[in-house]
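A.B. asks: Structure file upload-v4.cif (mmCIF, N, CA and C atoms) right here:
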data_final
loop_
_atom_site.label_atom_id
_atom_site.label_comp_id
_atom_site.auth_asym_id
_atom_site.auth_seq_id
_atom_site.Cartn_x
_atom_site.Cartn_y
_atom_site.Cartn_z
N MET A 1 0.83 -1.18 0.00
CA MET A 1 0.00 0.00 0.00
C MET A 1 0.87 1.25 0.00
N LEU A 2 0.54 2.18 -0.82
CA LEU A 2 1.30 3.42 -0.91
C LEU A 2 0.90 4.35 0.22
N THR A 3 1.89 4.99 0.82
CA THR A 3 1.66 5.92 1.93
C THR A 3 2.31 7.25 1.62
N LEU A 4 1.59 8.34 1.91
CA LEU A 4 2.15 9.68 1.85
C LEU A 4 2.49 10.11 3.27
N HIS A 5 3.76 10.38 3.51
CA HIS A 5 4.20 10.91 4.80
C HIS A 5 4.28 12.42 4.62
N ALA A 6 3.37 13.14 5.28
CA ALA A 6 3.23 14.57 5.08
C ALA A 6 3.79 15.37 6.25
N ALA A 7 4.67 16.32 5.93
CA ALA A 7 5.29 17.25 6.89
C ALA A 7 6.23 18.13 6.07
N PRO A 8 6.73 19.20 6.65
CA PRO A 8 7.81 19.90 5.94
C PRO A 8 8.95 18.90 5.70
N VAL A 9 9.44 18.85 4.46
CA VAL A 9 10.42 17.84 4.07
C VAL A 9 11.80 18.47 3.91
N VAL A 10 12.77 17.86 4.57
CA VAL A 10 14.17 18.24 4.45
C VAL A 10 14.87 17.09 3.74
N ARG A 11 15.43 17.36 2.57
CA ARG A 11 16.06 16.28 1.80
C ARG A 11 17.50 16.01 2.21
N SER A 12 18.16 16.98 2.80
CA SER A 12 19.55 16.88 3.25
C SER A 12 20.56 16.79 2.12
N ALA A 13 20.19 17.24 0.95
CA ALA A 13 21.17 17.38 -0.12
C ALA A 13 21.74 18.80 -0.02
N PRO A 14 22.97 19.02 -0.47
CA PRO A 14 23.60 20.33 -0.31
C PRO A 14 22.79 21.49 -0.91
N ASP A 15 22.05 21.24 -1.96
CA ASP A 15 21.29 22.33 -2.59
C ASP A 15 19.88 22.48 -2.02
N ASP A 16 19.55 21.73 -0.97
CA ASP A 16 18.22 21.78 -0.35
C ASP A 16 18.32 22.46 1.01
N ALA A 17 18.57 23.76 1.04
CA ALA A 17 18.78 24.47 2.29
C ALA A 17 17.50 24.59 3.12
N ALA A 18 16.39 24.91 2.51
CA ALA A 18 15.15 25.11 3.24
C ALA A 18 14.22 23.92 3.05
N PRO A 19 13.43 23.59 4.07
CA PRO A 19 12.47 22.49 3.90
C PRO A 19 11.37 22.86 2.91
N LEU A 20 10.82 21.84 2.28
CA LEU A 20 9.65 22.01 1.41
C LEU A 20 8.43 21.99 2.32
N HIS A 21 7.70 23.09 2.40
CA HIS A 21 6.51 23.15 3.26
C HIS A 21 5.32 22.58 2.51
N ASP A 22 4.31 22.12 3.25
CA ASP A 22 3.12 21.49 2.66
C ASP A 22 3.55 20.40 1.68
N ALA A 23 4.48 19.58 2.12
CA ALA A 23 5.08 18.58 1.25
C ALA A 23 4.84 17.18 1.80
N ALA A 24 5.30 16.21 1.02
CA ALA A 24 5.17 14.81 1.44
C ALA A 24 6.20 13.96 0.71
N VAL A 25 6.40 12.79 1.26
CA VAL A 25 7.20 11.75 0.62
C VAL A 25 6.25 10.59 0.37
N ALA A 26 6.13 10.19 -0.88
CA ALA A 26 5.30 9.04 -1.25
C ALA A 26 6.16 7.79 -1.16
N VAL A 27 5.69 6.82 -0.38
CA VAL A 27 6.44 5.58 -0.16
C VAL A 27 5.61 4.43 -0.71
N ASP A 28 6.22 3.67 -1.61
CA ASP A 28 5.59 2.50 -2.21
C ASP A 28 6.45 1.29 -1.89
N GLY A 29 5.97 0.45 -1.00
CA GLY A 29 6.78 -0.69 -0.57
C GLY A 29 7.97 -0.19 0.21
N ASP A 30 9.17 -0.58 -0.20
CA ASP A 30 10.37 -0.15 0.51
C ASP A 30 11.09 1.01 -0.19
N ARG A 31 10.45 1.61 -1.18
CA ARG A 31 11.08 2.67 -1.99
C ARG A 31 10.32 3.99 -1.93
N ILE A 32 11.04 5.05 -2.16
CA ILE A 32 10.42 6.37 -2.29
C ILE A 32 9.92 6.50 -3.72
N ALA A 33 8.63 6.73 -3.86
CA ALA A 33 8.04 6.89 -5.19
C ALA A 33 8.16 8.32 -5.68
N ALA A 34 8.01 9.29 -4.77
CA ALA A 34 8.06 10.70 -5.17
C ALA A 34 8.21 11.57 -3.93
N ILE A 35 8.71 12.78 -4.15
CA ILE A 35 8.81 13.80 -3.11
C ILE A 35 8.27 15.08 -3.73
N GLY A 36 7.39 15.76 -3.02
CA GLY A 36 6.87 17.00 -3.58
C GLY A 36 5.74 17.59 -2.78
N PRO A 37 5.07 18.58 -3.35
CA PRO A 37 3.94 19.20 -2.67
C PRO A 37 2.85 18.17 -2.35
N LEU A 38 2.31 18.26 -1.15
CA LEU A 38 1.31 17.30 -0.70
C LEU A 38 0.11 17.27 -1.63
N ASP A 39 -0.40 18.42 -2.05
CA ASP A 39 -1.58 18.45 -2.93
C ASP A 39 -1.31 17.71 -4.24
N GLU A 40 -0.13 17.90 -4.82
CA GLU A 40 0.21 17.20 -6.08
C GLU A 40 0.28 15.69 -5.86
N LEU A 41 0.88 15.28 -4.74
CA LEU A 41 1.00 13.84 -4.49
C LEU A 41 -0.35 13.22 -4.17
N ARG A 42 -1.23 13.96 -3.51
CA ARG A 42 -2.59 13.45 -3.27
C ARG A 42 -3.31 13.21 -4.60
N ARG A 43 -3.11 14.12 -5.55
CA ARG A 43 -3.75 13.93 -6.87
C ARG A 43 -3.11 12.77 -7.63
N ALA A 44 -1.80 12.65 -7.52
CA ALA A 44 -1.11 11.58 -8.24
C ALA A 44 -1.40 10.19 -7.64
N TYR A 45 -1.63 10.16 -6.32
CA TYR A 45 -1.86 8.89 -5.62
C TYR A 45 -3.15 9.01 -4.78
N PRO A 46 -4.31 9.07 -5.43
CA PRO A 46 -5.55 9.34 -4.70
C PRO A 46 -5.95 8.26 -3.69
N ARG A 47 -5.44 7.06 -3.83
CA ARG A 47 -5.80 5.97 -2.90
C ARG A 47 -4.78 5.78 -1.79
N ALA A 48 -3.77 6.62 -1.77
CA ALA A 48 -2.71 6.47 -0.76
C ALA A 48 -3.21 6.83 0.63
N ARG A 49 -2.70 6.10 1.60
CA ARG A 49 -2.92 6.46 3.00
C ARG A 49 -2.05 7.68 3.29
N VAL A 50 -2.56 8.65 4.05
CA VAL A 50 -1.80 9.85 4.37
C VAL A 50 -1.52 9.87 5.87
N ARG A 51 -0.24 9.96 6.21
CA ARG A 51 0.18 10.12 7.60
C ARG A 51 0.73 11.54 7.73
N GLU A 52 0.09 12.35 8.55
CA GLU A 52 0.55 13.72 8.74
C GLU A 52 1.35 13.77 10.04
N TRP A 53 2.56 14.34 9.95
CA TRP A 53 3.48 14.37 11.08
C TRP A 53 3.65 15.80 11.59
N PRO A 54 3.81 15.97 12.91
CA PRO A 54 3.91 17.30 13.50
C PRO A 54 5.33 17.87 13.55
N GLY A 55 6.27 17.31 12.83
CA GLY A 55 7.65 17.81 12.84
C GLY A 55 8.18 17.91 11.43
N GLU A 56 9.51 17.96 11.31
CA GLU A 56 10.15 17.95 9.98
C GLU A 56 10.54 16.53 9.62
N LEU A 57 10.22 16.15 8.39
CA LEU A 57 10.50 14.82 7.87
C LEU A 57 11.75 14.90 7.02
N GLY A 58 12.64 13.96 7.20
CA GLY A 58 13.86 13.93 6.41
C GLY A 58 14.42 12.53 6.36
N PRO A 59 15.61 12.41 5.82
CA PRO A 59 16.23 11.08 5.78
C PRO A 59 16.57 10.61 7.18
N ALA A 60 16.46 9.31 7.40
CA ALA A 60 16.85 8.75 8.68
C ALA A 60 18.36 8.91 8.84
N ARG A 61 18.79 8.86 10.06
CA ARG A 61 20.21 9.07 10.38
C ARG A 61 21.04 7.80 10.21
N VAL A 62 22.33 8.01 10.03
CA VAL A 62 23.32 6.94 10.09
C VAL A 62 23.96 7.05 11.47
N HIS A 63 23.86 5.99 12.26
CA HIS A 63 24.45 5.98 13.61
C HIS A 63 25.91 5.57 13.47
N GLU A 64 26.82 6.47 13.84
CA GLU A 64 28.24 6.22 13.61
C GLU A 64 28.99 5.75 14.85
N GLY A 65 28.32 5.73 16.01
CA GLY A 65 28.99 5.32 17.24
C GLY A 65 28.56 3.93 17.67
N PRO A 66 29.00 3.54 18.87
CA PRO A 66 28.57 2.24 19.39
C PRO A 66 27.05 2.20 19.56
N VAL A 67 26.51 1.02 19.42
CA VAL A 67 25.07 0.83 19.59
C VAL A 67 24.76 1.01 21.07
N PRO A 68 23.71 1.75 21.41
CA PRO A 68 23.38 2.00 22.82
C PRO A 68 23.20 0.70 23.61
N ASP A 69 23.53 0.76 24.89
CA ASP A 69 23.34 -0.40 25.77
C ASP A 69 21.86 -0.60 26.07
N ALA A 70 21.47 -1.83 26.18
CA ALA A 70 20.11 -2.23 26.56
C ALA A 70 20.19 -3.71 26.95
N PRO A 71 19.16 -4.22 27.61
CA PRO A 71 19.21 -5.62 28.08
C PRO A 71 19.34 -6.68 27.00
N THR A 72 18.77 -6.44 25.80
CA THR A 72 18.83 -7.45 24.74
C THR A 72 19.29 -6.82 23.43
N PRO A 73 19.80 -7.64 22.51
CA PRO A 73 20.18 -7.10 21.20
C PRO A 73 19.01 -6.41 20.49
N ARG A 74 17.80 -6.98 20.60
CA ARG A 74 16.64 -6.37 19.96
C ARG A 74 16.38 -4.97 20.53
N GLU A 75 16.47 -4.83 21.84
CA GLU A 75 16.25 -3.54 22.47
C GLU A 75 17.36 -2.54 22.12
N ARG A 76 18.57 -3.03 21.92
CA ARG A 76 19.67 -2.15 21.50
C ARG A 76 19.39 -1.59 20.11
N ILE A 77 18.89 -2.43 19.21
CA ILE A 77 18.56 -1.97 17.86
C ILE A 77 17.37 -1.02 17.92
N HIS A 78 16.39 -1.32 18.76
CA HIS A 78 15.24 -0.42 18.88
C HIS A 78 15.67 0.95 19.42
N ALA A 79 16.69 0.98 20.25
CA ALA A 79 17.21 2.27 20.74
C ALA A 79 17.72 3.13 19.59
N LEU A 80 18.29 2.49 18.56
CA LEU A 80 18.71 3.25 17.36
C LEU A 80 17.49 3.82 16.64
N LEU A 81 16.47 3.00 16.49
CA LEU A 81 15.26 3.44 15.80
C LEU A 81 14.60 4.60 16.52
N ARG A 82 14.61 4.57 17.85
CA ARG A 82 14.04 5.68 18.63
C ARG A 82 14.82 6.97 18.43
N ARG A 83 16.04 6.87 17.96
CA ARG A 83 16.87 8.05 17.69
C ARG A 83 16.77 8.51 16.23
N GLY A 84 16.00 7.78 15.43
CA GLY A 84 15.85 8.15 14.02
C GLY A 84 16.92 7.58 13.12
N ALA A 85 17.63 6.57 13.59
CA ALA A 85 18.70 5.95 12.80
C ALA A 85 18.20 4.65 12.18
N THR A 86 18.52 4.47 10.90
CA THR A 86 18.18 3.23 10.21
C THR A 86 19.40 2.58 9.58
N ALA A 87 20.57 3.10 9.91
CA ALA A 87 21.83 2.54 9.42
C ALA A 87 22.86 2.65 10.53
N VAL A 88 23.76 1.68 10.57
CA VAL A 88 24.82 1.65 11.57
C VAL A 88 26.09 1.14 10.90
N LEU A 89 27.23 1.55 11.44
CA LEU A 89 28.50 1.08 10.89
C LEU A 89 28.79 -0.35 11.34
N ALA A 90 29.28 -1.16 10.42
CA ALA A 90 29.53 -2.58 10.67
C ALA A 90 30.47 -2.79 11.85
N ARG A 91 31.43 -1.91 12.03
CA ARG A 91 32.41 -2.10 13.11
C ARG A 91 31.77 -2.06 14.50
N HIS A 92 30.53 -1.58 14.60
CA HIS A 92 29.84 -1.51 15.89
C HIS A 92 28.88 -2.69 16.08
N LEU A 93 28.93 -3.66 15.17
CA LEU A 93 28.06 -4.83 15.26
C LEU A 93 28.89 -6.12 15.31
N GLY A 94 29.91 -6.13 16.14
CA GLY A 94 30.77 -7.30 16.23
C GLY A 94 30.09 -8.52 16.83
N ASP A 95 29.14 -8.32 17.70
CA ASP A 95 28.40 -9.41 18.34
C ASP A 95 27.43 -10.02 17.32
N PRO A 96 27.53 -11.34 17.07
CA PRO A 96 26.63 -11.96 16.08
C PRO A 96 25.14 -11.79 16.40
N GLU A 97 24.78 -11.81 17.70
CA GLU A 97 23.36 -11.62 18.05
C GLU A 97 22.90 -10.20 17.75
N LEU A 98 23.78 -9.22 17.95
CA LEU A 98 23.44 -7.84 17.65
C LEU A 98 23.32 -7.64 16.14
N ARG A 99 24.22 -8.26 15.39
CA ARG A 99 24.15 -8.17 13.92
C ARG A 99 22.87 -8.82 13.41
N ALA A 100 22.48 -9.95 13.99
CA ALA A 100 21.24 -10.63 13.59
C ALA A 100 20.02 -9.77 13.92
N ALA A 101 20.03 -9.11 15.07
CA ALA A 101 18.91 -8.23 15.44
C ALA A 101 18.83 -7.04 14.49
N ALA A 102 19.97 -6.51 14.08
CA ALA A 102 19.99 -5.41 13.11
C ALA A 102 19.39 -5.87 11.78
N HIS A 103 19.77 -7.06 11.35
CA HIS A 103 19.25 -7.61 10.10
C HIS A 103 17.73 -7.79 10.18
N ARG A 104 17.25 -8.39 11.27
CA ARG A 104 15.81 -8.59 11.45
C ARG A 104 15.05 -7.26 11.48
N GLY A 105 15.68 -6.23 12.03
CA GLY A 105 15.04 -4.93 12.12
C GLY A 105 15.13 -4.09 10.86
N GLY A 106 15.83 -4.61 9.84
CA GLY A 106 15.95 -3.87 8.59
C GLY A 106 17.00 -2.78 8.60
N ILE A 107 17.82 -2.74 9.63
CA ILE A 107 18.87 -1.73 9.74
C ILE A 107 19.91 -1.97 8.66
N ALA A 108 20.29 -0.91 7.94
CA ALA A 108 21.35 -1.01 6.94
C ALA A 108 22.69 -1.05 7.67
N VAL A 109 23.55 -1.97 7.29
CA VAL A 109 24.88 -2.09 7.88
C VAL A 109 25.88 -1.58 6.86
N LEU A 110 26.61 -0.53 7.24
CA LEU A 110 27.50 0.16 6.31
C LEU A 110 28.96 -0.05 6.70
N ASP A 111 29.83 -0.14 5.68
CA ASP A 111 31.26 -0.22 5.93
C ASP A 111 31.83 1.13 6.34
N ARG A 112 31.23 2.20 5.81
CA ARG A 112 31.69 3.56 6.14
C ARG A 112 30.48 4.50 6.12
N PRO A 113 30.58 5.63 6.80
CA PRO A 113 29.45 6.56 6.82
C PRO A 113 29.11 7.05 5.42
N ARG A 114 27.85 7.38 5.23
CA ARG A 114 27.40 8.00 3.99
C ARG A 114 26.39 9.07 4.37
N PRO A 115 26.31 10.11 3.60
CA PRO A 115 25.32 11.15 3.93
C PRO A 115 23.91 10.64 3.67
N PRO A 116 23.01 10.80 4.64
CA PRO A 116 21.63 10.38 4.42
C PRO A 116 20.93 11.34 3.47
N VAL A 117 20.13 10.80 2.57
CA VAL A 117 19.43 11.63 1.59
C VAL A 117 18.12 10.96 1.20
N LEU A 118 17.13 11.78 0.90
CA LEU A 118 15.87 11.27 0.34
C LEU A 118 15.91 11.46 -1.16
N ALA A 119 15.59 10.42 -1.90
CA ALA A 119 15.59 10.52 -3.36
C ALA A 119 14.60 9.52 -3.94
N PRO A 120 13.87 9.92 -4.98
CA PRO A 120 12.98 8.97 -5.64
C PRO A 120 13.74 7.71 -6.06
N ALA A 121 13.12 6.57 -5.87
CA ALA A 121 13.66 5.24 -6.14
C ALA A 121 14.62 4.77 -5.06
N GLY A 122 15.01 5.65 -4.11
CA GLY A 122 15.87 5.26 -3.02
C GLY A 122 15.11 4.50 -1.96
N ARG A 123 15.84 3.82 -1.11
CA ARG A 123 15.22 3.09 0.00
C ARG A 123 14.48 4.08 0.89
N ALA A 124 13.28 3.72 1.31
CA ALA A 124 12.43 4.61 2.11
C ALA A 124 12.80 4.52 3.59
N ASP A 125 13.92 5.17 3.93
CA ASP A 125 14.38 5.30 5.32
C ASP A 125 14.16 6.76 5.70
N LEU A 126 13.13 7.01 6.52
CA LEU A 126 12.72 8.36 6.87
C LEU A 126 12.68 8.52 8.38
N ALA A 127 12.78 9.76 8.83
CA ALA A 127 12.58 10.05 10.24
C ALA A 127 11.93 11.42 10.36
N VAL A 128 11.14 11.58 11.42
CA VAL A 128 10.47 12.84 11.72
C VAL A 128 11.02 13.34 13.05
N PHE A 129 11.44 14.60 13.08
CA PHE A 129 12.01 15.20 14.28
C PHE A 129 11.23 16.43 14.67
N ASP A 130 11.08 16.64 16.00
CA ASP A 130 10.40 17.84 16.46
C ASP A 130 11.39 19.01 16.50
N ALA A 131 10.94 20.16 16.93
CA ALA A 131 11.77 21.37 16.93
C ALA A 131 12.99 21.23 17.85
N ASP A 132 12.91 20.36 18.86
CA ASP A 132 14.03 20.15 19.77
C ASP A 132 14.98 19.05 19.29
N GLY A 133 14.68 18.44 18.15
CA GLY A 133 15.53 17.39 17.61
C GLY A 133 15.17 16.00 18.08
N ALA A 134 14.10 15.86 18.85
CA ALA A 134 13.68 14.53 19.30
C ALA A 134 12.98 13.79 18.16
N CYS A 135 13.26 12.51 18.05
CA CYS A 135 12.65 11.70 16.99
C CYS A 135 11.21 11.36 17.34
N LEU A 136 10.30 11.70 16.43
CA LEU A 136 8.88 11.41 16.59
C LEU A 136 8.48 10.12 15.90
N ALA A 137 9.17 9.79 14.79
CA ALA A 137 8.83 8.59 14.02
C ALA A 137 10.03 8.16 13.18
N THR A 138 10.13 6.86 12.99
CA THR A 138 11.18 6.30 12.13
C THR A 138 10.55 5.28 11.20
N VAL A 139 10.90 5.37 9.93
CA VAL A 139 10.43 4.46 8.89
C VAL A 139 11.66 3.76 8.31
N VAL A 140 11.67 2.43 8.36
CA VAL A 140 12.76 1.63 7.81
C VAL A 140 12.24 0.90 6.58
N ALA A 141 12.84 1.19 5.44
CA ALA A 141 12.46 0.52 4.19
C ALA A 141 10.93 0.49 4.03
N GLY A 142 10.30 1.64 4.31
CA GLY A 142 8.87 1.78 4.12
C GLY A 142 8.00 1.34 5.28
N ARG A 143 8.57 0.74 6.32
CA ARG A 143 7.79 0.27 7.47
C ARG A 143 7.94 1.24 8.64
N LEU A 144 6.84 1.68 9.20
CA LEU A 144 6.86 2.52 10.39
C LEU A 144 7.24 1.62 11.56
N VAL A 145 8.44 1.86 12.13
CA VAL A 145 8.94 0.98 13.18
C VAL A 145 9.04 1.68 14.54
N HIS A 146 8.93 2.98 14.55
CA HIS A 146 8.93 3.73 15.81
C HIS A 146 8.04 4.95 15.66
N ARG A 147 7.22 5.16 16.67
CA ARG A 147 6.39 6.36 16.72
C ARG A 147 6.28 6.77 18.18
N ARG A 148 6.72 8.00 18.47
CA ARG A 148 6.58 8.49 19.84
C ARG A 148 5.16 8.94 20.06
N ARG A 149 4.58 8.52 21.12
CA ARG A 149 3.17 8.84 21.41
C ARG A 149 3.05 10.09 22.22
#
Can you present the structure in this file as structure tokens?

C.D. replies:
Amino acid sequence: MLTLHAAPVVRSAPDDAAPLHDAAVAVDGDRIAAIGPLDELRRAYPRARVREWPGELGPARVHEGPVPDAPTPRERIHALLRRGATAVLARHLGDPELRAAAHRGGIAVLDRPRPPVLAPAGRADLAVFDADGACLATVVAGRLVHRRR
């Protein structure tokens, strides 16, 4: 099912200084179908579910440090998702159980950092942040996996 994630959109590309207001990211499966004005995307995808978010929507983060401590590997990976991260560096996943939990959670495992960016046809890894920088929602490969209530 196609979903429109609606909020001011920050693409995080060097030429995208200001967020796109009244915008959305159209997500089809695990990919970004389109980015643009919400009204245009509603017309282009009239049957899409619309999720409206109260913060700025942008690419999910790449976590470059050690994975946060928690009682279980699953909870350690969920701690990343609560921070808006959907990718982690391989050197921080030495424990096989932690690596397996990352794989099950859809976390991208990277050899080196890469700048997060939203782009049509790219993997739908999104995060929504409030004005204080707290993560309100995280989407991994098109799946909503964290939402702050």

A.B. asks: The PyMOL selection byres ((chain A and resi 1-8) around 8) on the file shown: which residues, as an MDAnalysis selection string?

C.D. replies: chainID A and resid 9:11 18:29 38 41:42 45 47:58

A.B. asks: Please identify which residues in chain A DSSP calls strand (DSSP E) from the backbone, and express them as a tab-separated table (two decimals) with N, CA and C atoms, in the coordinates of the input.

C.D. replies:
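Wrote states.tsv, looks like this:
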chain	number	residue	atom	x	y	z
A	2	LEU	N	0.54	2.18	-0.82
A	2	LEU	CA	1.30	3.42	-0.91
A	2	LEU	C	0.90	4.35	0.22
A	3	THR	N	1.89	4.99	0.82
A	3	THR	CA	1.66	5.92	1.93
A	3	THR	C	2.31	7.25	1.62
A	4	LEU	N	1.59	8.34	1.91
A	4	LEU	CA	2.15	9.68	1.85
A	4	LEU	C	2.49	10.11	3.27
A	5	HIS	N	3.76	10.38	3.51
A	5	HIS	CA	4.20	10.91	4.80
A	5	HIS	C	4.28	12.42	4.62
A	6	ALA	N	3.37	13.14	5.28
A	6	ALA	CA	3.23	14.57	5.08
A	6	ALA	C	3.79	15.37	6.25
A	23	ALA	N	4.48	19.58	2.12
A	23	ALA	CA	5.08	18.58	1.25
A	23	ALA	C	4.84	17.18	1.80
A	24	ALA	N	5.30	16.21	1.02
A	24	ALA	CA	5.17	14.81	1.44
A	24	ALA	C	6.20	13.96	0.71
A	25	VAL	N	6.40	12.79	1.26
A	25	VAL	CA	7.20	11.75	0.62
A	25	VAL	C	6.25	10.59	0.37
A	26	ALA	N	6.13	10.19	-0.88
A	26	ALA	CA	5.30	9.04	-1.25
A	26	ALA	C	6.16	7.79	-1.16
A	27	VAL	N	5.69	6.82	-0.38
A	27	VAL	CA	6.44	5.58	-0.16
A	27	VAL	C	5.61	4.43	-0.71
A	28	ASP	N	6.22	3.67	-1.61
A	28	ASP	CA	5.59	2.50	-2.21
A	28	ASP	C	6.45	1.29	-1.89
A	31	ARG	N	10.45	1.61	-1.18
A	31	ARG	CA	11.08	2.67	-1.99
A	31	ARG	C	10.32	3.99	-1.93
A	32	ILE	N	11.04	5.05	-2.16
A	32	ILE	CA	10.42	6.37	-2.29
A	32	ILE	C	9.92	6.50	-3.72
A	33	ALA	N	8.63	6.73	-3.86
A	33	ALA	CA	8.04	6.89	-5.19
A	33	ALA	C	8.16	8.32	-5.68
A	34	ALA	N	8.01	9.29	-4.77
A	34	ALA	CA	8.06	10.70	-5.17
A	34	ALA	C	8.21	11.57	-3.93
A	35	ILE	N	8.71	12.78	-4.15
A	35	ILE	CA	8.81	13.80	-3.11
A	35	ILE	C	8.27	15.08	-3.73
A	36	GLY	N	7.39	15.76	-3.02
A	36	GLY	CA	6.87	17.00	-3.58
A	36	GLY	C	5.74	17.59	-2.78
A	37	PRO	N	5.07	18.58	-3.35
A	37	PRO	CA	3.94	19.20	-2.67
A	37	PRO	C	2.85	18.17	-2.35
A	49	ARG	N	-2.70	6.10	1.60
A	49	ARG	CA	-2.92	6.46	3.00
A	49	ARG	C	-2.05	7.68	3.29
A	50	VAL	N	-2.56	8.65	4.05
A	50	VAL	CA	-1.80	9.85	4.37
A	50	VAL	C	-1.52	9.87	5.87
A	51	ARG	N	-0.24	9.96	6.21
A	51	ARG	CA	0.18	10.12	7.60
A	51	ARG	C	0.73	11.54	7.73
A	52	GLU	N	0.09	12.35	8.55
A	52	GLU	CA	0.55	13.72	8.74
A	52	GLU	C	1.35	13.77	10.04
A	56	GLU	N	9.51	17.96	11.31
A	56	GLU	CA	10.15	17.95	9.98
A	56	GLU	C	10.54	16.53	9.62
A	57	LEU	N	10.22	16.15	8.39
A	57	LEU	CA	10.50	14.82	7.87
A	57	LEU	C	11.75	14.90	7.02
A	58	GLY	N	12.64	13.96	7.20
A	58	GLY	CA	13.86	13.93	6.41
A	58	GLY	C	14.42	12.53	6.36
A	59	PRO	N	15.61	12.41	5.82
A	59	PRO	CA	16.23	11.08	5.78
A	59	PRO	C	16.57	10.61	7.18
A	61	ARG	N	18.79	8.86	10.06
A	61	ARG	CA	20.21	9.07	10.38
A	61	ARG	C	21.04	7.80	10.21
A	62	VAL	N	22.33	8.01	10.03
A	62	VAL	CA	23.32	6.94	10.09
A	62	VAL	C	23.96	7.05	11.47
A	63	HIS	N	23.86	5.99	12.26
A	63	HIS	CA	24.45	5.98	13.61
A	63	HIS	C	25.91	5.57	13.47
A	85	ALA	N	17.63	6.57	13.59
A	85	ALA	CA	18.70	5.95	12.80
A	85	ALA	C	18.20	4.65	12.18
A	86	THR	N	18.52	4.47	10.90
A	86	THR	CA	18.18	3.23	10.21
A	86	THR	C	19.40	2.58	9.58
A	87	ALA	N	20.57	3.10	9.91
A	87	ALA	CA	21.83	2.54	9.42
A	87	ALA	C	22.86	2.65	10.53
A	88	VAL	N	23.76	1.68	10.57
A	88	VAL	CA	24.82	1.65	11.57
A	88	VAL	C	26.09	1.14	10.90
A	89	LEU	N	27.23	1.55	11.44
A	89	LEU	CA	28.50	1.08	10.89
A	89	LEU	C	28.79	-0.35	11.34
A	108	ALA	N	20.29	-0.91	7.94
A	108	ALA	CA	21.35	-1.01	6.94
A	108	ALA	C	22.69	-1.05	7.67
A	109	VAL	N	23.55	-1.97	7.29
A	109	VAL	CA	24.88	-2.09	7.88
A	109	VAL	C	25.88	-1.58	6.86
A	110	LEU	N	26.61	-0.53	7.24
A	110	LEU	CA	27.50	0.16	6.31
A	110	LEU	C	28.96	-0.05	6.70
A	126	LEU	N	13.13	7.01	6.52
A	126	LEU	CA	12.72	8.36	6.87
A	126	LEU	C	12.68	8.52	8.38
A	127	ALA	N	12.78	9.76	8.83
A	127	ALA	CA	12.58	10.05	10.24
A	127	ALA	C	11.93	11.42	10.36
A	128	VAL	N	11.14	11.58	11.42
A	128	VAL	CA	10.47	12.84	11.72
A	128	VAL	C	11.02	13.34	13.05
A	129	PHE	N	11.44	14.60	13.08
A	129	PHE	CA	12.01	15.20	14.28
A	129	PHE	C	11.23	16.43	14.67
A	135	CYS	N	13.26	12.51	18.05
A	135	CYS	CA	12.65	11.70	16.99
A	135	CYS	C	11.21	11.36	17.34
A	136	LEU	N	10.30	11.70	16.43
A	136	LEU	CA	8.88	11.41	16.59
A	136	LEU	C	8.48	10.12	15.90
A	137	ALA	N	9.17	9.79	14.79
A	137	ALA	CA	8.83	8.59	14.02
A	137	ALA	C	10.03	8.16	13.18
A	138	THR	N	10.13	6.86	12.99
A	138	THR	CA	11.18	6.30	12.13
A	138	THR	C	10.55	5.28	11.20
A	139	VAL	N	10.90	5.37	9.93
A	139	VAL	CA	10.43	4.46	8.89
A	139	VAL	C	11.66	3.76	8.31
A	140	VAL	N	11.67	2.43	8.36
A	140	VAL	CA	12.76	1.63	7.81
A	140	VAL	C	12.24	0.90	6.58
A	143	ARG	N	8.57	0.74	6.32
A	143	ARG	CA	7.79	0.27	7.47
A	143	ARG	C	7.94	1.24	8.64
A	144	LEU	N	6.84	1.68	9.20
A	144	LEU	CA	6.86	2.52	10.39
A	144	LEU	C	7.24	1.62	11.56
A	145	VAL	N	8.44	1.86	12.13
A	145	VAL	CA	8.94	0.98	13.18
A	145	VAL	C	9.04	1.68	14.54
A	146	HIS	N	8.93	2.98	14.55
A	146	HIS	CA	8.93	3.73	15.81
A	146	HIS	C	8.04	4.95	15.66
A	147	ARG	N	7.22	5.16	16.67
A	147	ARG	CA	6.39	6.36	16.72
A	147	ARG	C	6.28	6.77	18.18

A.B. asks: When the PyMOL selection byres ((chain A and resi 89) around 8) is applied to the file above, which residues end up in the set, as a VMD selection string?

C.D. replies: chain A and resid 62 to 66 87 to 88 90 to 94 108 to 113

A.B. asks: Mind pulling up the distance from CA of Ala79 (chain A) to CA of Asp30 (chain A)?

C.D. replies: 21.5 Å

A.B. asks: Can you spell out as number ranges by chain the set of residues that the PyMOL selection byres ((chain A and resi 121-123) around 6) selects in the structure I just provided?

C.D. replies: A: 30-34, 119-120, 124-125, 141-142

A.B. asks: Between atom C of Pro115 (chain A) and CA of Gly84 (chain A), what is the distance, to one decimal in Å?

C.D. replies: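 Between atom C of Pro115 (chain A) and CA of Gly84 (chain A) the gap works out to 13.4 Å.
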
A.B. asks: Can you tell me, as a ChimeraX atom specification, which residues in chain A count as helix (DSSP H, G or I) by DSSP?

C.D. replies: /A:38-44,73-82,90-92,96-104

A.B. asks: Grab the CA of Glu40 (chain A) to atom N of Val140 (chain A) distance for me, in Å with one decimal place.

C.D. replies: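 Atom N of Val140 (chain A) lies 23.6 Å from CA of Glu40 (chain A).
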
A.B. asks: Could you check the closest approach to Arg148 (chain A) for each of A:Leu136, A:Ala70, A:Pro116, A:Ile107 and tell me which residue wins, using only N, CA and C atoms?

C.D. replies: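 Using only N, CA and C atoms, the shortest distance to Arg148 (chain A) belongs to A:Leu136.
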
A.B. asks: Step by step, gather every atom of region 99-108 of chain A that the file lists, find the box along x, y and z that holds them, add 3 Å on each side, and finally give centre and edge lengths in Å to one decimal, as lines of an AutoDock Vina configuration file.

C.D. replies:
center_x = 19.6
center_y = -5.8
center_z = 11.2
size_x = 15.2
size_y = 15.7
size_z = 14.5

A.B. asks: So which residues touch region 98-104 of chain A within 8 Å, counting only N, CA and C atoms, skipping near sequence neighbours fewer than 5 positions away, as a PyMOL selection string?

C.D. replies: chain A and resi 72-78+92-93+109
